[in-house]
Amino acid sequence: MIDYIWRVNDLDVYYTNETNGGGDYFAIEYIDVVREWYGTVDHTLEWCSGPGFIGYGMLASSLCNNISFVEMHNPAVLMLERTKQYSKYVDNINIYEGNTLECVPNNQQFNLVVGNPPHWKDVESAASSLGLDIMHHAHILEILVDDNWNAHRDFFKRIKLLLSNNGSVLLQENYAGSSPEDFRQMVDDAGLKINFTADSRMYADKGIYYISVGHK
């Protein structure tokens, strides 16, 4: 399997075709909006990180002092580890492997949580939106689907305890699979609130939008 490199400033982010869900494309704007909306923070968590395009991009752009990653797919975790190993930021990087935030130590506190999570709640709608054959694109669809929003629901429930008092969550979602209203009740049930939503500037034609969540 061929390893590729996405270079941002002085950091080489390693990935493979198997582990790239499009983050190398969408991270460019993500880094810009974090700089504009939040500036530099101490500790960032990237949820559903894949090989870590967003988080590593923020670290190399001096938008966070420390970065932690949560990723469930082992091939992507191996890429996260490779980037960490060959970077100068070894002491500023934590990598957690798991399908929920339960793998993150509960004494951690994050100032900003970012992520480009799965954008569809079922395989059929994802396949239809993207024009993919379910049988021949099963692995791709696995990355793109959060079954019935179960992972999102669990994420909001658990992130409340890991978010610093003035911390924020900023997720990149897609209108092709959701709207902010799909998440409003689960955010409220978690004891959090939606601060704002904003359409992408660079990728509006692809349906990308941002949803910011914080403490009530």
# chains A, B, ... in the order shown; residues from 1 in each chain; ligands from 1
call {"tool": "closest_atom_pairs", "arguments": {"of": "range 118-176 of chain A", "to": "range 200-211 of chain A", "cutoff": "6 Å", "atoms": "only C-alpha atoms", "output": "tab-separated table"}}
result
residue	atom	partner	partner_atom	distance
A:Leu170	CA	A:Ile211	CA	5.7
A:Leu171	CA	A:Ile211	CA	5.4
A:Gln172	CA	A:Tyr210	CA	4.6
A:Glu173	CA	A:Tyr209	CA	5.4
A:Asn174	CA	A:Ile208	CA	4.5
A:Tyr175	CA	A:Gly207	CA	4.9
call {"tool": "residues_around", "arguments": {"residues": "His119 in chain A", "least_positions_apart": "5", "cutoff": "12 Å", "atoms": "only C-alpha atoms", "output": "PyMOL selection string"}}
result
chain A and resi 21-22+48+125-127+129-130+141-149+151-152+171-180+182-183+207-210
call {"tool": "write_last_selection", "arguments": {"atoms": "N, CA, C and O atoms", "output": "tab-separated table (two decimals), in the first residue's frame"}}
result
chain	number	residue	atom	x	y	z
A	21	GLY	N	-10.61	10.36	3.66
A	21	GLY	CA	-12.03	10.60	3.41
A	21	GLY	C	-12.30	11.98	2.82
A	21	GLY	O	-13.43	12.45	2.84
A	22	GLY	N	-11.26	12.64	2.33
A	22	GLY	CA	-11.41	13.97	1.74
A	22	GLY	C	-10.88	15.09	2.62
A	22	GLY	O	-10.99	16.26	2.27
A	48	CYS	N	-13.07	11.73	14.97
A	48	CYS	CA	-13.17	11.07	13.65
A	48	CYS	C	-12.07	11.58	12.74
A	48	CYS	O	-12.30	12.04	11.62
A	125	SER	N	-28.78	6.47	1.71
A	125	SER	CA	-28.78	7.89	1.37
A	125	SER	C	-27.39	8.36	0.94
A	125	SER	O	-27.25	9.19	0.04
A	126	ALA	N	-26.35	7.81	1.56
A	126	ALA	CA	-24.98	8.18	1.17
A	126	ALA	C	-24.69	7.70	-0.25
A	126	ALA	O	-24.15	8.44	-1.07
A	127	ALA	N	-25.05	6.46	-0.54
A	127	ALA	CA	-24.81	5.91	-1.87
A	127	ALA	C	-25.58	6.69	-2.93
A	127	ALA	O	-25.06	6.98	-4.01
A	129	SER	N	-26.65	9.88	-2.74
A	129	SER	CA	-26.11	11.24	-2.86
A	129	SER	C	-24.83	11.27	-3.69
A	129	SER	O	-24.60	12.20	-4.46
A	130	LEU	N	-24.01	10.24	-3.51
A	130	LEU	CA	-22.70	10.23	-4.14
A	130	LEU	C	-22.64	9.41	-5.42
A	130	LEU	O	-21.60	9.37	-6.08
A	141	LEU	N	-18.27	3.73	2.01
A	141	LEU	CA	-19.53	4.07	2.66
A	141	LEU	C	-19.44	3.88	4.17
A	141	LEU	O	-20.08	4.62	4.93
A	142	GLU	N	-18.64	2.92	4.61
A	142	GLU	CA	-18.46	2.71	6.05
A	142	GLU	C	-17.87	3.96	6.70
A	142	GLU	O	-18.26	4.34	7.80
A	143	ILE	N	-16.94	4.62	6.00
A	143	ILE	CA	-16.33	5.83	6.52
A	143	ILE	C	-17.32	6.99	6.53
A	143	ILE	O	-17.29	7.84	7.42
A	144	LEU	N	-18.24	7.00	5.57
A	144	LEU	CA	-19.12	8.15	5.37
A	144	LEU	C	-20.42	8.10	6.15
A	144	LEU	O	-21.13	9.10	6.21
A	145	VAL	N	-20.74	6.95	6.75
A	145	VAL	CA	-22.05	6.77	7.39
A	145	VAL	C	-21.93	6.64	8.91
A	145	VAL	O	-21.12	5.88	9.42
A	146	ASP	N	-22.76	7.41	9.60
A	146	ASP	CA	-22.96	7.29	11.05
A	146	ASP	C	-24.38	6.77	11.23
A	146	ASP	O	-25.34	7.52	11.15
A	147	ASP	N	-24.50	5.48	11.47
A	147	ASP	CA	-25.80	4.81	11.49
A	147	ASP	C	-26.77	5.47	12.47
A	147	ASP	O	-26.54	5.48	13.68
A	148	ASN	N	-27.84	6.03	11.92
A	148	ASN	CA	-28.89	6.68	12.71
A	148	ASN	C	-28.34	7.77	13.64
A	148	ASN	O	-28.93	8.06	14.67
A	149	TRP	N	-27.20	8.35	13.29
A	149	TRP	CA	-26.54	9.40	14.07
A	149	TRP	C	-26.13	8.92	15.47
A	149	TRP	O	-25.96	9.73	16.38
A	151	ALA	N	-23.24	7.76	16.56
A	151	ALA	CA	-21.94	8.25	16.98
A	151	ALA	C	-22.00	9.73	17.35
A	151	ALA	O	-21.39	10.17	18.33
A	152	HIS	N	-22.76	10.52	16.58
A	152	HIS	CA	-22.94	11.93	16.92
A	152	HIS	C	-23.60	12.08	18.29
A	152	HIS	O	-23.17	12.89	19.11
A	171	LEU	N	-17.85	21.40	14.15
A	171	LEU	CA	-17.89	20.26	13.25
A	171	LEU	C	-18.20	20.72	11.83
A	171	LEU	O	-18.96	21.67	11.63
A	172	GLN	N	-17.61	20.03	10.88
A	172	GLN	CA	-17.86	20.30	9.47
A	172	GLN	C	-18.83	19.22	8.98
A	172	GLN	O	-18.50	18.04	8.98
A	173	GLU	N	-20.03	19.64	8.57
A	173	GLU	CA	-21.06	18.71	8.14
A	173	GLU	C	-21.45	18.99	6.69
A	173	GLU	O	-20.87	19.87	6.05
A	174	ASN	N	-22.45	18.26	6.18
A	174	ASN	CA	-22.82	18.37	4.78
A	174	ASN	C	-24.33	18.32	4.62
A	174	ASN	O	-24.98	17.39	5.09
A	175	TYR	N	-24.89	19.35	3.95
A	175	TYR	CA	-26.34	19.41	3.75
A	175	TYR	C	-26.87	18.23	2.94
A	175	TYR	O	-28.07	17.93	3.00
A	176	ALA	N	-26.00	17.56	2.19
A	176	ALA	CA	-26.45	16.40	1.42
A	176	ALA	C	-26.91	15.26	2.34
A	176	ALA	O	-27.68	14.39	1.92
A	177	GLY	N	-26.41	15.29	3.59
A	177	GLY	CA	-26.79	14.23	4.52
A	177	GLY	C	-27.51	14.70	5.76
A	177	GLY	O	-28.09	13.89	6.49
A	178	SER	N	-27.48	16.02	6.05
A	178	SER	CA	-28.07	16.50	7.30
A	178	SER	C	-28.36	17.99	7.21
A	178	SER	O	-27.96	18.67	6.25
A	179	SER	N	-29.02	18.47	8.24
A	179	SER	CA	-29.15	19.91	8.47
A	179	SER	C	-28.86	20.14	9.95
A	179	SER	O	-28.91	19.18	10.75
A	180	PRO	N	-28.59	21.36	10.36
A	180	PRO	CA	-28.35	21.62	11.78
A	180	PRO	C	-29.48	21.13	12.68
A	180	PRO	O	-29.24	20.73	13.83
A	182	ASP	N	-31.08	18.44	12.55
A	182	ASP	CA	-30.94	17.02	12.87
A	182	ASP	C	-30.16	16.82	14.17
A	182	ASP	O	-30.30	15.78	14.82
A	183	PHE	N	-29.34	17.79	14.53
A	183	PHE	CA	-28.48	17.64	15.70
A	183	PHE	C	-28.95	18.46	16.90
A	183	PHE	O	-28.45	18.27	18.01
A	207	GLY	N	-22.19	21.58	-0.46
A	207	GLY	CA	-23.08	21.42	0.68
A	207	GLY	C	-22.43	21.49	2.04
A	207	GLY	O	-23.07	21.19	3.06
A	208	ILE	N	-21.18	21.88	2.12
A	208	ILE	CA	-20.46	21.89	3.40
A	208	ILE	C	-20.94	23.07	4.28
A	208	ILE	O	-21.08	24.19	3.80
A	209	TYR	N	-21.16	22.76	5.55
A	209	TYR	CA	-21.46	23.80	6.52
A	209	TYR	C	-20.79	23.47	7.86
A	209	TYR	O	-20.33	22.34	8.07
A	210	TYR	N	-20.74	24.46	8.74
A	210	TYR	CA	-20.14	24.31	10.06
A	210	TYR	C	-21.21	24.47	11.13
A	210	TYR	O	-22.11	25.28	11.00
call {"tool": "residues_around", "arguments": {"residues": "Val41 in chain A", "least_positions_apart": "2", "cutoff": "12 Å", "atoms": "only C-alpha atoms", "output": "PDB file with all heavy atoms, in the first residue's frame"}}
result
ATOM      1  N   VAL A  34     -10.826  28.418  11.603  1.00  0.00           N
ATOM      2  CA  VAL A  34     -10.379  28.329  13.001  1.00  0.00           C
ATOM      3  C   VAL A  34      -9.534  29.543  13.348  1.00  0.00           C
ATOM      4  O   VAL A  34      -9.685  30.145  14.426  1.00  0.00           O
ATOM      5  CB  VAL A  34      -9.594  27.019  13.247  1.00  0.00           C
ATOM      6  CG1 VAL A  34      -8.840  27.092  14.575  1.00  0.00           C
ATOM      7  CG2 VAL A  34     -10.536  25.826  13.252  1.00  0.00           C
ATOM      8  N   ARG A  35      -8.649  29.924  12.452  1.00  0.00           N
ATOM      9  CA  ARG A  35      -7.814  31.101  12.690  1.00  0.00           C
ATOM     10  C   ARG A  35      -8.687  32.351  12.857  1.00  0.00           C
ATOM     11  O   ARG A  35      -8.432  33.173  13.749  1.00  0.00           O
ATOM     12  CB  ARG A  35      -6.850  31.302  11.525  1.00  0.00           C
ATOM     13  CG  ARG A  35      -5.929  32.511  11.701  1.00  0.00           C
ATOM     14  CD  ARG A  35      -4.992  32.687  10.519  1.00  0.00           C
ATOM     15  NE  ARG A  35      -3.984  31.636  10.479  1.00  0.00           N
ATOM     16  CZ  ARG A  35      -3.961  30.646   9.583  1.00  0.00           C
ATOM     17  NH1 ARG A  35      -4.911  30.570   8.648  1.00  0.00           N
ATOM     18  NH2 ARG A  35      -3.019  29.731   9.619  1.00  0.00           N
ATOM     19  N   TRP A  37     -12.104  32.514  13.607  1.00  0.00           N
ATOM     20  CA  TRP A  37     -13.147  32.449  14.639  1.00  0.00           C
ATOM     21  C   TRP A  37     -12.610  32.209  16.037  1.00  0.00           C
ATOM     22  O   TRP A  37     -13.235  32.623  17.019  1.00  0.00           O
ATOM     23  CB  TRP A  37     -14.157  31.363  14.282  1.00  0.00           C
ATOM     24  CG  TRP A  37     -14.927  31.627  13.020  1.00  0.00           C
ATOM     25  CD1 TRP A  37     -15.054  32.822  12.367  1.00  0.00           C
ATOM     26  CD2 TRP A  37     -15.662  30.673  12.254  1.00  0.00           C
ATOM     27  NE1 TRP A  37     -15.829  32.678  11.240  1.00  0.00           N
ATOM     28  CE2 TRP A  37     -16.220  31.364  11.139  1.00  0.00           C
ATOM     29  CE3 TRP A  37     -15.916  29.309  12.373  1.00  0.00           C
ATOM     30  CZ2 TRP A  37     -17.009  30.737  10.174  1.00  0.00           C
ATOM     31  CZ3 TRP A  37     -16.695  28.677  11.412  1.00  0.00           C
ATOM     32  CH2 TRP A  37     -17.234  29.387  10.336  1.00  0.00           C
ATOM     33  N   TYR A  38     -11.483  31.524  16.169  1.00  0.00           N
ATOM     34  CA  TYR A  38     -11.005  31.137  17.497  1.00  0.00           C
ATOM     35  C   TYR A  38      -9.567  31.570  17.792  1.00  0.00           C
ATOM     36  O   TYR A  38      -9.184  31.668  18.959  1.00  0.00           O
ATOM     37  CB  TYR A  38     -11.097  29.607  17.662  1.00  0.00           C
ATOM     38  CG  TYR A  38     -12.493  29.078  17.475  1.00  0.00           C
ATOM     39  CD1 TYR A  38     -12.876  28.504  16.263  1.00  0.00           C
ATOM     40  CD2 TYR A  38     -13.450  29.175  18.480  1.00  0.00           C
ATOM     41  CE1 TYR A  38     -14.167  28.022  16.073  1.00  0.00           C
ATOM     42  CE2 TYR A  38     -14.735  28.697  18.298  1.00  0.00           C
ATOM     43  CZ  TYR A  38     -15.093  28.127  17.086  1.00  0.00           C
ATOM     44  OH  TYR A  38     -16.368  27.665  16.889  1.00  0.00           O
ATOM     45  N   GLY A  39      -8.762  31.779  16.777  1.00  0.00           N
ATOM     46  CA  GLY A  39      -7.360  32.085  17.013  1.00  0.00           C
ATOM     47  C   GLY A  39      -6.629  30.857  17.543  1.00  0.00           C
ATOM     48  O   GLY A  39      -7.030  29.723  17.305  1.00  0.00           O
ATOM     49  N   HIS A  43      -5.300  23.440  23.698  1.00  0.00           N
ATOM     50  CA  HIS A  43      -5.441  22.001  23.412  1.00  0.00           C
ATOM     51  C   HIS A  43      -6.661  21.771  22.529  1.00  0.00           C
ATOM     52  O   HIS A  43      -7.782  22.144  22.876  1.00  0.00           O
ATOM     53  CB  HIS A  43      -5.573  21.216  24.716  1.00  0.00           C
ATOM     54  CG  HIS A  43      -5.227  19.768  24.569  1.00  0.00           C
ATOM     55  ND1 HIS A  43      -4.980  18.955  25.648  1.00  0.00           N
ATOM     56  CD2 HIS A  43      -5.079  18.968  23.468  1.00  0.00           C
ATOM     57  CE1 HIS A  43      -4.698  17.727  25.226  1.00  0.00           C
ATOM     58  NE2 HIS A  43      -4.759  17.717  23.900  1.00  0.00           N
ATOM     59  N   THR A  44      -6.428  21.133  21.384  1.00  0.00           N
ATOM     60  CA  THR A  44      -7.490  20.796  20.437  1.00  0.00           C
ATOM     61  C   THR A  44      -7.638  19.288  20.349  1.00  0.00           C
ATOM     62  O   THR A  44      -6.652  18.547  20.425  1.00  0.00           O
ATOM     63  CB  THR A  44      -7.168  21.361  19.037  1.00  0.00           C
ATOM     64  OG1 THR A  44      -7.205  22.786  19.084  1.00  0.00           O
ATOM     65  CG2 THR A  44      -8.163  20.888  17.997  1.00  0.00           C
ATOM     66  N   LEU A  45      -8.879  18.843  20.183  1.00  0.00           N
ATOM     67  CA  LEU A  45      -9.179  17.436  19.921  1.00  0.00           C
ATOM     68  C   LEU A  45      -9.798  17.331  18.540  1.00  0.00           C
ATOM     69  O   LEU A  45     -10.723  18.084  18.205  1.00  0.00           O
ATOM     70  CB  LEU A  45     -10.165  16.893  20.963  1.00  0.00           C
ATOM     71  CG  LEU A  45     -10.733  15.493  20.691  1.00  0.00           C
ATOM     72  CD1 LEU A  45      -9.658  14.430  20.876  1.00  0.00           C
ATOM     73  CD2 LEU A  45     -11.932  15.203  21.587  1.00  0.00           C
ATOM     74  N   MET A  58      -3.703  22.287  11.981  1.00  0.00           N
ATOM     75  CA  MET A  58      -3.797  23.323  12.998  1.00  0.00           C
ATOM     76  C   MET A  58      -2.507  23.418  13.807  1.00  0.00           C
ATOM     77  O   MET A  58      -2.013  24.510  14.091  1.00  0.00           O
ATOM     78  CB  MET A  58      -4.980  23.049  13.921  1.00  0.00           C
ATOM     79  CG  MET A  58      -6.337  23.285  13.286  1.00  0.00           C
ATOM     80  SD  MET A  58      -7.687  22.888  14.429  1.00  0.00           S
ATOM     81  CE  MET A  58      -7.301  23.968  15.815  1.00  0.00           C
ATOM     82  N   LEU A  59      -1.942  22.266  14.187  1.00  0.00           N
ATOM     83  CA  LEU A  59      -0.711  22.259  14.971  1.00  0.00           C
ATOM     84  C   LEU A  59       0.428  22.908  14.190  1.00  0.00           C
ATOM     85  O   LEU A  59       1.161  23.752  14.725  1.00  0.00           O
ATOM     86  CB  LEU A  59      -0.344  20.818  15.338  1.00  0.00           C
ATOM     87  CG  LEU A  59       0.856  20.629  16.271  1.00  0.00           C
ATOM     88  CD1 LEU A  59       0.596  21.241  17.639  1.00  0.00           C
ATOM     89  CD2 LEU A  59       1.184  19.142  16.405  1.00  0.00           C
ATOM     90  N   SER A  61       0.148  25.042  11.893  1.00  0.00           N
ATOM     91  CA  SER A  61      -0.174  26.442  11.611  1.00  0.00           C
ATOM     92  C   SER A  61      -0.206  27.287  12.880  1.00  0.00           C
ATOM     93  O   SER A  61      -0.686  28.420  12.859  1.00  0.00           O
ATOM     94  CB  SER A  61      -1.534  26.523  10.905  1.00  0.00           C
ATOM     95  OG  SER A  61      -1.513  25.808   9.683  1.00  0.00           O
ATOM     96  N   SER A  62       0.271  26.714  13.987  1.00  0.00           N
ATOM     97  CA  SER A  62       0.346  27.400  15.291  1.00  0.00           C
ATOM     98  C   SER A  62      -1.025  27.846  15.792  1.00  0.00           C
ATOM     99  O   SER A  62      -1.146  28.878  16.447  1.00  0.00           O
ATOM    100  CB  SER A  62       1.289  28.616  15.200  1.00  0.00           C
ATOM    101  OG  SER A  62       2.592  28.223  14.844  1.00  0.00           O
ATOM    102  N   LEU A  63      -2.061  27.044  15.500  1.00  0.00           N
ATOM    103  CA  LEU A  63      -3.409  27.348  15.973  1.00  0.00           C
ATOM    104  C   LEU A  63      -3.757  26.563  17.230  1.00  0.00           C
ATOM    105  O   LEU A  63      -4.809  26.782  17.820  1.00  0.00           O
ATOM    106  CB  LEU A  63      -4.431  27.077  14.868  1.00  0.00           C
ATOM    107  CG  LEU A  63      -4.336  28.040  13.678  1.00  0.00           C
ATOM    108  CD1 LEU A  63      -5.313  27.622  12.576  1.00  0.00           C
ATOM    109  CD2 LEU A  63      -4.615  29.474  14.121  1.00  0.00           C
ATOM    110  N   CYS A  64      -2.884  25.640  17.615  1.00  0.00           N
ATOM    111  CA  CYS A  64      -3.033  24.963  18.913  1.00  0.00           C
ATOM    112  C   CYS A  64      -1.644  24.565  19.384  1.00  0.00           C
ATOM    113  O   CYS A  64      -0.739  24.325  18.577  1.00  0.00           O
ATOM    114  CB  CYS A  64      -3.960  23.750  18.818  1.00  0.00           C
ATOM    115  SG  CYS A  64      -3.415  22.453  17.700  1.00  0.00           S
ATOM    116  N   ASN A  65      -1.492  24.510  20.692  1.00  0.00           N
ATOM    117  CA  ASN A  65      -0.215  24.113  21.281  1.00  0.00           C
ATOM    118  C   ASN A  65      -0.104  22.598  21.407  1.00  0.00           C
ATOM    119  O   ASN A  65       1.000  22.049  21.385  1.00  0.00           O
ATOM    120  CB  ASN A  65      -0.047  24.752  22.653  1.00  0.00           C
ATOM    121  CG  ASN A  65      -0.061  26.263  22.591  1.00  0.00           C
ATOM    122  OD1 ASN A  65       0.485  26.863  21.671  1.00  0.00           O
ATOM    123  ND2 ASN A  65      -0.709  26.895  23.568  1.00  0.00           N
ATOM    124  N   ASN A  66      -1.253  21.955  21.569  1.00  0.00           N
ATOM    125  CA  ASN A  66      -1.307  20.499  21.716  1.00  0.00           C
ATOM    126  C   ASN A  66      -2.489  19.977  20.917  1.00  0.00           C
ATOM    127  O   ASN A  66      -3.539  20.629  20.840  1.00  0.00           O
ATOM    128  CB  ASN A  66      -1.479  20.107  23.186  1.00  0.00           C
ATOM    129  CG  ASN A  66      -0.360  20.649  24.066  1.00  0.00           C
ATOM    130  OD1 ASN A  66       0.709  20.087  24.130  1.00  0.00           O
ATOM    131  ND2 ASN A  66      -0.629  21.761  24.741  1.00  0.00           N
ATOM    132  N   ILE A  67      -2.325  18.773  20.360  1.00  0.00           N
ATOM    133  CA  ILE A  67      -3.409  18.170  19.583  1.00  0.00           C
ATOM    134  C   ILE A  67      -3.616  16.720  20.024  1.00  0.00           C
ATOM    135  O   ILE A  67      -2.648  15.988  20.255  1.00  0.00           O
ATOM    136  CB  ILE A  67      -3.115  18.232  18.063  1.00  0.00           C
ATOM    137  CG1 ILE A  67      -4.275  17.665  17.248  1.00  0.00           C
ATOM    138  CG2 ILE A  67      -1.807  17.522  17.703  1.00  0.00           C
ATOM    139  CD1 ILE A  67      -5.518  18.473  17.278  1.00  0.00           C
ATOM    140  N   GLN A 109      -8.969  18.150  29.195  1.00  0.00           N
ATOM    141  CA  GLN A 109      -9.856  19.280  28.937  1.00  0.00           C
ATOM    142  C   GLN A 109      -9.416  19.929  27.626  1.00  0.00           C
ATOM    143  O   GLN A 109      -8.234  20.251  27.451  1.00  0.00           O
ATOM    144  CB  GLN A 109      -9.801  20.300  30.073  1.00  0.00           C
ATOM    145  CG  GLN A 109     -10.462  19.827  31.351  1.00  0.00           C
ATOM    146  CD  GLN A 109     -11.986  19.865  31.261  1.00  0.00           C
ATOM    147  OE1 GLN A 109     -12.607  20.906  31.349  1.00  0.00           O
ATOM    148  NE2 GLN A 109     -12.589  18.691  31.066  1.00  0.00           N
ATOM    149  N   PHE A 110     -10.392  20.127  26.735  1.00  0.00           N
ATOM    150  CA  PHE A 110     -10.089  20.652  25.410  1.00  0.00           C
ATOM    151  C   PHE A 110     -10.724  22.020  25.225  1.00  0.00           C
ATOM    152  O   PHE A 110     -11.887  22.236  25.569  1.00  0.00           O
ATOM    153  CB  PHE A 110     -10.578  19.684  24.336  1.00  0.00           C
ATOM    154  CG  PHE A 110      -9.961  18.323  24.438  1.00  0.00           C
ATOM    155  CD1 PHE A 110     -10.681  17.257  24.978  1.00  0.00           C
ATOM    156  CD2 PHE A 110      -8.657  18.106  24.036  1.00  0.00           C
ATOM    157  CE1 PHE A 110     -10.116  16.002  25.097  1.00  0.00           C
ATOM    158  CE2 PHE A 110      -8.072  16.851  24.150  1.00  0.00           C
ATOM    159  CZ  PHE A 110      -8.798  15.805  24.673  1.00  0.00           C
ATOM    160  N   ASN A 111      -9.945  22.935  24.658  1.00  0.00           N
ATOM    161  CA  ASN A 111     -10.443  24.285  24.374  1.00  0.00           C
ATOM    162  C   ASN A 111     -11.220  24.338  23.073  1.00  0.00           C
ATOM    163  O   ASN A 111     -12.114  25.171  22.913  1.00  0.00           O
ATOM    164  CB  ASN A 111      -9.266  25.268  24.286  1.00  0.00           C
ATOM    165  CG  ASN A 111      -8.342  25.166  25.478  1.00  0.00           C
ATOM    166  OD1 ASN A 111      -7.252  24.598  25.358  1.00  0.00           O
ATOM    167  ND2 ASN A 111      -8.766  25.680  26.622  1.00  0.00           N
ATOM    168  N   LEU A 112     -10.880  23.459  22.149  1.00  0.00           N
ATOM    169  CA  LEU A 112     -11.562  23.409  20.859  1.00  0.00           C
ATOM    170  C   LEU A 112     -11.589  21.967  20.379  1.00  0.00           C
ATOM    171  O   LEU A 112     -10.577  21.264  20.434  1.00  0.00           O
ATOM    172  CB  LEU A 112     -10.847  24.289  19.831  1.00  0.00           C
ATOM    173  CG  LEU A 112     -11.465  24.365  18.435  1.00  0.00           C
ATOM    174  CD1 LEU A 112     -12.869  24.961  18.494  1.00  0.00           C
ATOM    175  CD2 LEU A 112     -10.587  25.182  17.490  1.00  0.00           C
ATOM    176  N   VAL A 113     -12.763  21.536  19.918  1.00  0.00           N
ATOM    177  CA  VAL A 113     -12.928  20.191  19.368  1.00  0.00           C
ATOM    178  C   VAL A 113     -13.369  20.341  17.924  1.00  0.00           C
ATOM    179  O   VAL A 113     -14.345  21.043  17.627  1.00  0.00           O
ATOM    180  CB  VAL A 113     -13.969  19.386  20.163  1.00  0.00           C
ATOM    181  CG1 VAL A 113     -14.126  17.988  19.574  1.00  0.00           C
ATOM    182  CG2 VAL A 113     -13.567  19.310  21.638  1.00  0.00           C
ATOM    183  N   SER A 164     -13.564  22.372  27.980  1.00  0.00           N
ATOM    184  CA  SER A 164     -13.249  23.385  28.985  1.00  0.00           C
ATOM    185  C   SER A 164     -14.414  24.356  29.147  1.00  0.00           C
ATOM    186  O   SER A 164     -15.317  24.403  28.303  1.00  0.00           O
ATOM    187  CB  SER A 164     -11.978  24.147  28.594  1.00  0.00           C
ATOM    188  OG  SER A 164     -12.191  24.899  27.417  1.00  0.00           O
ATOM    189  N   ASN A 166     -14.940  27.476  28.679  1.00  0.00           N
ATOM    190  CA  ASN A 166     -15.195  28.365  27.550  1.00  0.00           C
ATOM    191  C   ASN A 166     -14.900  27.687  26.218  1.00  0.00           C
ATOM    192  O   ASN A 166     -14.748  28.361  25.196  1.00  0.00           O
ATOM    193  CB  ASN A 166     -14.349  29.642  27.680  1.00  0.00           C
ATOM    194  CG  ASN A 166     -14.729  30.444  28.905  1.00  0.00           C
ATOM    195  OD1 ASN A 166     -15.907  30.649  29.187  1.00  0.00           O
ATOM    196  ND2 ASN A 166     -13.729  30.897  29.655  1.00  0.00           N
ATOM    197  N   GLY A 167     -14.842  26.355  26.229  1.00  0.00           N
ATOM    198  CA  GLY A 167     -14.489  25.616  25.032  1.00  0.00           C
ATOM    199  C   GLY A 167     -15.614  25.539  24.018  1.00  0.00           C
ATOM    200  O   GLY A 167     -16.783  25.758  24.341  1.00  0.00           O
ATOM    201  N   SER A 168     -15.243  25.208  22.793  1.00  0.00           N
ATOM    202  CA  SER A 168     -16.215  25.098  21.702  1.00  0.00           C
ATOM    203  C   SER A 168     -15.961  23.842  20.877  1.00  0.00           C
ATOM    204  O   SER A 168     -14.832  23.359  20.785  1.00  0.00           O
ATOM    205  CB  SER A 168     -16.128  26.313  20.770  1.00  0.00           C
ATOM    206  OG  SER A 168     -16.503  27.500  21.435  1.00  0.00           O
TER     207      SER A 168
END
call {"tool": "atom_distance", "arguments": {"atom1": "CA of Val13 in chain A", "atom2": "CA of Asn92 in chain A"}}
result
15.1 Å
call {"tool": "select_by_dssp", "arguments": {"residues": "range 33-163 of chain A", "states": "strand (DSSP E or B)", "output": "count of residues only"}}
result
29
call {"tool": "closest_residue", "arguments": {"among": "A:Ser128, A:Asn9, A:Thr100, A:Asn20", "to": "Ala76 in chain A", "atoms": "only C-alpha atoms"}}
result
A:Asn20
call {"tool": "residues_around", "arguments": {"residues": "Asp24 in chain A", "least_positions_apart": "5", "cutoff": "8 Å", "atoms": "only C-alpha atoms", "output": "list in words"}}
result
Trp6, Phe53 and Ile54 of chain A
call {"tool": "residues_around", "arguments": {"residues": "Glu71 in chain A", "least_positions_apart": "4", "cutoff": "10 Å", "atoms": "only C-alpha atoms", "output": "list in words"}}
result
Glu46, Trp47, Cys48, Ser49, Gly50, Pro51, Gly52, Pro75, Ala76, Val77, Leu80, Ile95, Tyr96, Glu97, Gly98, Asn99, Thr100, Leu101 and Cys103 of chain A
call {"tool": "select_by_dssp", "arguments": {"residues": "range 112-155 of chain A", "states": "helix (DSSP H, G or I)", "output": "PyMOL selection string"}}
result
chain A and resi 123-130+138-144+147-155
call {"tool": "decode", "arguments": {"residues": "range 21-27 of chain A", "atoms": "N, CA, C and O atoms", "output": "CSV table (one decimal), in the first residue's frame"}}
result
chain,number,residue,atom,x,y,z
A,21,GLY,N,-10.6,10.4,3.7
A,21,GLY,CA,-12.0,10.6,3.4
A,21,GLY,C,-12.3,12.0,2.8
A,21,GLY,O,-13.4,12.5,2.8
A,22,GLY,N,-11.3,12.6,2.3
A,22,GLY,CA,-11.4,14.0,1.7
A,22,GLY,C,-10.9,15.1,2.6
A,22,GLY,O,-11.0,16.3,2.3
A,23,GLY,N,-10.3,14.7,3.8
A,23,GLY,CA,-9.8,15.7,4.7
A,23,GLY,C,-8.7,16.6,4.2
A,23,GLY,O,-8.6,17.8,4.5
A,24,ASP,N,-7.9,16.1,3.3
A,24,ASP,CA,-6.8,16.9,2.7
A,24,ASP,C,-7.4,18.0,1.9
A,24,ASP,O,-6.8,19.1,1.7
A,25,TYR,N,-8.6,17.9,1.4
A,25,TYR,CA,-9.3,18.9,0.5
A,25,TYR,C,-10.0,19.9,1.4
A,25,TYR,O,-9.9,21.1,1.3
A,26,PHE,N,-10.8,19.4,2.4
A,26,PHE,CA,-11.6,20.3,3.2
A,26,PHE,C,-10.8,20.9,4.4
A,26,PHE,O,-11.3,21.9,4.9
A,27,ALA,N,-9.7,20.4,4.7
A,27,ALA,CA,-8.9,21.0,5.9
A,27,ALA,C,-8.4,22.4,5.6
A,27,ALA,O,-8.1,23.2,6.5
